[in-house]
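Report on the following structure.
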Amino acid sequence: TTTTTSTSTVVVRTPTTPAATATVTTSREGFDITLRFVGQYSQMVEDAATAAARYMESAILNDLPDVGGVDDLLITISILPIDGPYGILGYAGPDRVRKDGTFFPYEGSAVLDEADSDLSFLGLLLTHEMHHILV
């Protein structure tokens with residue numbers, strides 16, 4: 001579990017009083033995505049997937065209970081031939097969901113077409129695919 005800490009400083013001034021400064025530090029347990037890469041992949045794919053996962057973690061505010069040693073979501077990423085350039089770029093979905101009534105996934109997978117794994121918008125593509133796992 002990642003703990004996110006943020007610090008804010010507020011300065012208050014009025015015409016009749018000296019400036020007062022208050023610093024507030026808050027922290028929270030965060031949502032964690034673990035990435036597992038299978039097979040051959042480039043540094044570009046790893047960097048884009050990591051950036052997409054960090055973005056998704058920042059958008060989900062709550063930590064979830066671990067399931068089967070997974071905190072909070074494990075995404076397996078692989079590069080396979082699908083249909084060649086600019087057709088199906090990739091696909092993704094949940095593989096295992098929690099049995100606590102939420103049915104929130106704790107494992108999912110994303111597959112990228114090997115012909116499209118070097119696109120300039122790979123980060124956006126992986127963020128899109130990660131949404132398929134979560135929703």
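If you're wondering about the labels, chains in the structure tokens are A, B, ... by order shown, residues count from 1 in each chain, ligands from 1 in order shown.
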Report as a list in words: the residues of stretch 104-134 of chain A with a DSSP assignment of alpha helix (DSSP H), based on the backbone of this structure.
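Taking stretch 104-134 of chain A and keeping alpha helix (DSSP H) gives Leu122, Gly123, Leu124, Leu125, Leu126, Thr127, His128, Glu129, Met130, His131, His132, Ile133 and Leu134 of chain A.
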Skipping near chain neighbours, those fewer than 2 positions away, what residues fall within 6 Å of stretch 116-126 of chain A using only C-alpha atoms, listed as a PyMOL selection string?
chain A and resi 48+52+85+89+113-114+128-129
For the selection you just gave me, I'd like the residues written to a file as a compact mmCIF listing (two decimals), in the first residue's frame, keeping all heavy atoms.
```
# COMPACT_ATOMS: atom_id res chain seq x y z
N ALA A 48 5.42 3.60 -20.60
CA ALA A 48 4.04 4.04 -20.85
C ALA A 48 3.08 3.34 -19.89
O ALA A 48 2.14 3.97 -19.36
CB ALA A 48 3.65 3.76 -22.30
N ALA A 52 0.77 5.14 -17.05
CA ALA A 52 -0.68 4.92 -17.05
C ALA A 52 -1.14 4.40 -15.70
O ALA A 52 -2.16 4.84 -15.16
CB ALA A 52 -1.07 3.96 -18.17
N PRO A 85 -0.72 -3.54 -38.29
CA PRO A 85 -0.75 -2.12 -37.93
C PRO A 85 -2.13 -1.49 -38.05
O PRO A 85 -2.86 -1.74 -39.01
CB PRO A 85 0.20 -1.48 -38.94
CG PRO A 85 1.00 -2.59 -39.53
CD PRO A 85 0.18 -3.83 -39.39
N LEU A 89 -5.71 -2.20 -31.72
CA LEU A 89 -4.45 -1.78 -31.07
C LEU A 89 -4.16 -2.61 -29.84
O LEU A 89 -3.01 -2.82 -29.47
CB LEU A 89 -4.52 -0.30 -30.70
CG LEU A 89 -4.85 0.66 -31.85
CD1 LEU A 89 -4.93 2.09 -31.32
CD2 LEU A 89 -3.84 0.54 -32.96
N ASP A 113 -1.15 -5.13 -29.54
CA ASP A 113 -0.74 -5.69 -30.83
C ASP A 113 0.73 -5.34 -31.04
O ASP A 113 1.11 -4.17 -30.94
CB ASP A 113 -1.59 -5.12 -31.96
CG ASP A 113 -1.35 -5.81 -33.30
OD1 ASP A 113 -0.29 -6.45 -33.48
OD2 ASP A 113 -2.22 -5.69 -34.16
N GLU A 114 1.54 -6.35 -31.32
CA GLU A 114 2.97 -6.09 -31.49
C GLU A 114 3.25 -5.09 -32.61
O GLU A 114 4.23 -4.36 -32.55
CB GLU A 114 3.74 -7.39 -31.73
CG GLU A 114 3.46 -8.06 -33.05
CD GLU A 114 4.24 -9.36 -33.22
OE1 GLU A 114 4.98 -9.76 -32.30
OE2 GLU A 114 4.10 -9.97 -34.28
N HIS A 128 -6.39 3.76 -21.48
CA HIS A 128 -7.69 3.30 -21.98
C HIS A 128 -7.90 1.82 -21.66
O HIS A 128 -8.96 1.42 -21.15
CB HIS A 128 -7.75 3.55 -23.50
CG HIS A 128 -8.92 2.93 -24.17
ND1 HIS A 128 -10.12 3.60 -24.33
CD2 HIS A 128 -9.10 1.70 -24.73
CE1 HIS A 128 -10.97 2.81 -24.95
NE2 HIS A 128 -10.38 1.65 -25.20
N GLU A 129 -6.90 1.01 -21.93
CA GLU A 129 -7.02 -0.43 -21.66
C GLU A 129 -7.17 -0.71 -20.17
O GLU A 129 -7.93 -1.60 -19.77
CB GLU A 129 -5.84 -1.19 -22.25
CG GLU A 129 -5.72 -1.10 -23.77
CD GLU A 129 -6.96 -1.55 -24.54
OE1 GLU A 129 -7.80 -2.31 -23.99
OE2 GLU A 129 -7.11 -1.13 -25.70
```
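Distances here use only C-alpha atoms; by that measure, the residue among A:Asp83, A:Asp71, A:Asp66, A:Asp100 closest to A:Leu35 is A:Asp71.
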Long-range neighbours of A:Phe37 as an MDAnalysis selection string, 9 Å cut-off, only C-alpha atoms, 3 positions minimum in chain
chainID A and resid 40:41 46 75:79
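Take atom CA of A:Leu61 and atom CA of A:Ile133: the distance between them is 17.0 Å.
Distances to A:Lys99 were evaluated for A:Val111, A:Met56, A:Val67, A:Leu74 using only C-alpha atoms, and the minimum falls at A:Val67.
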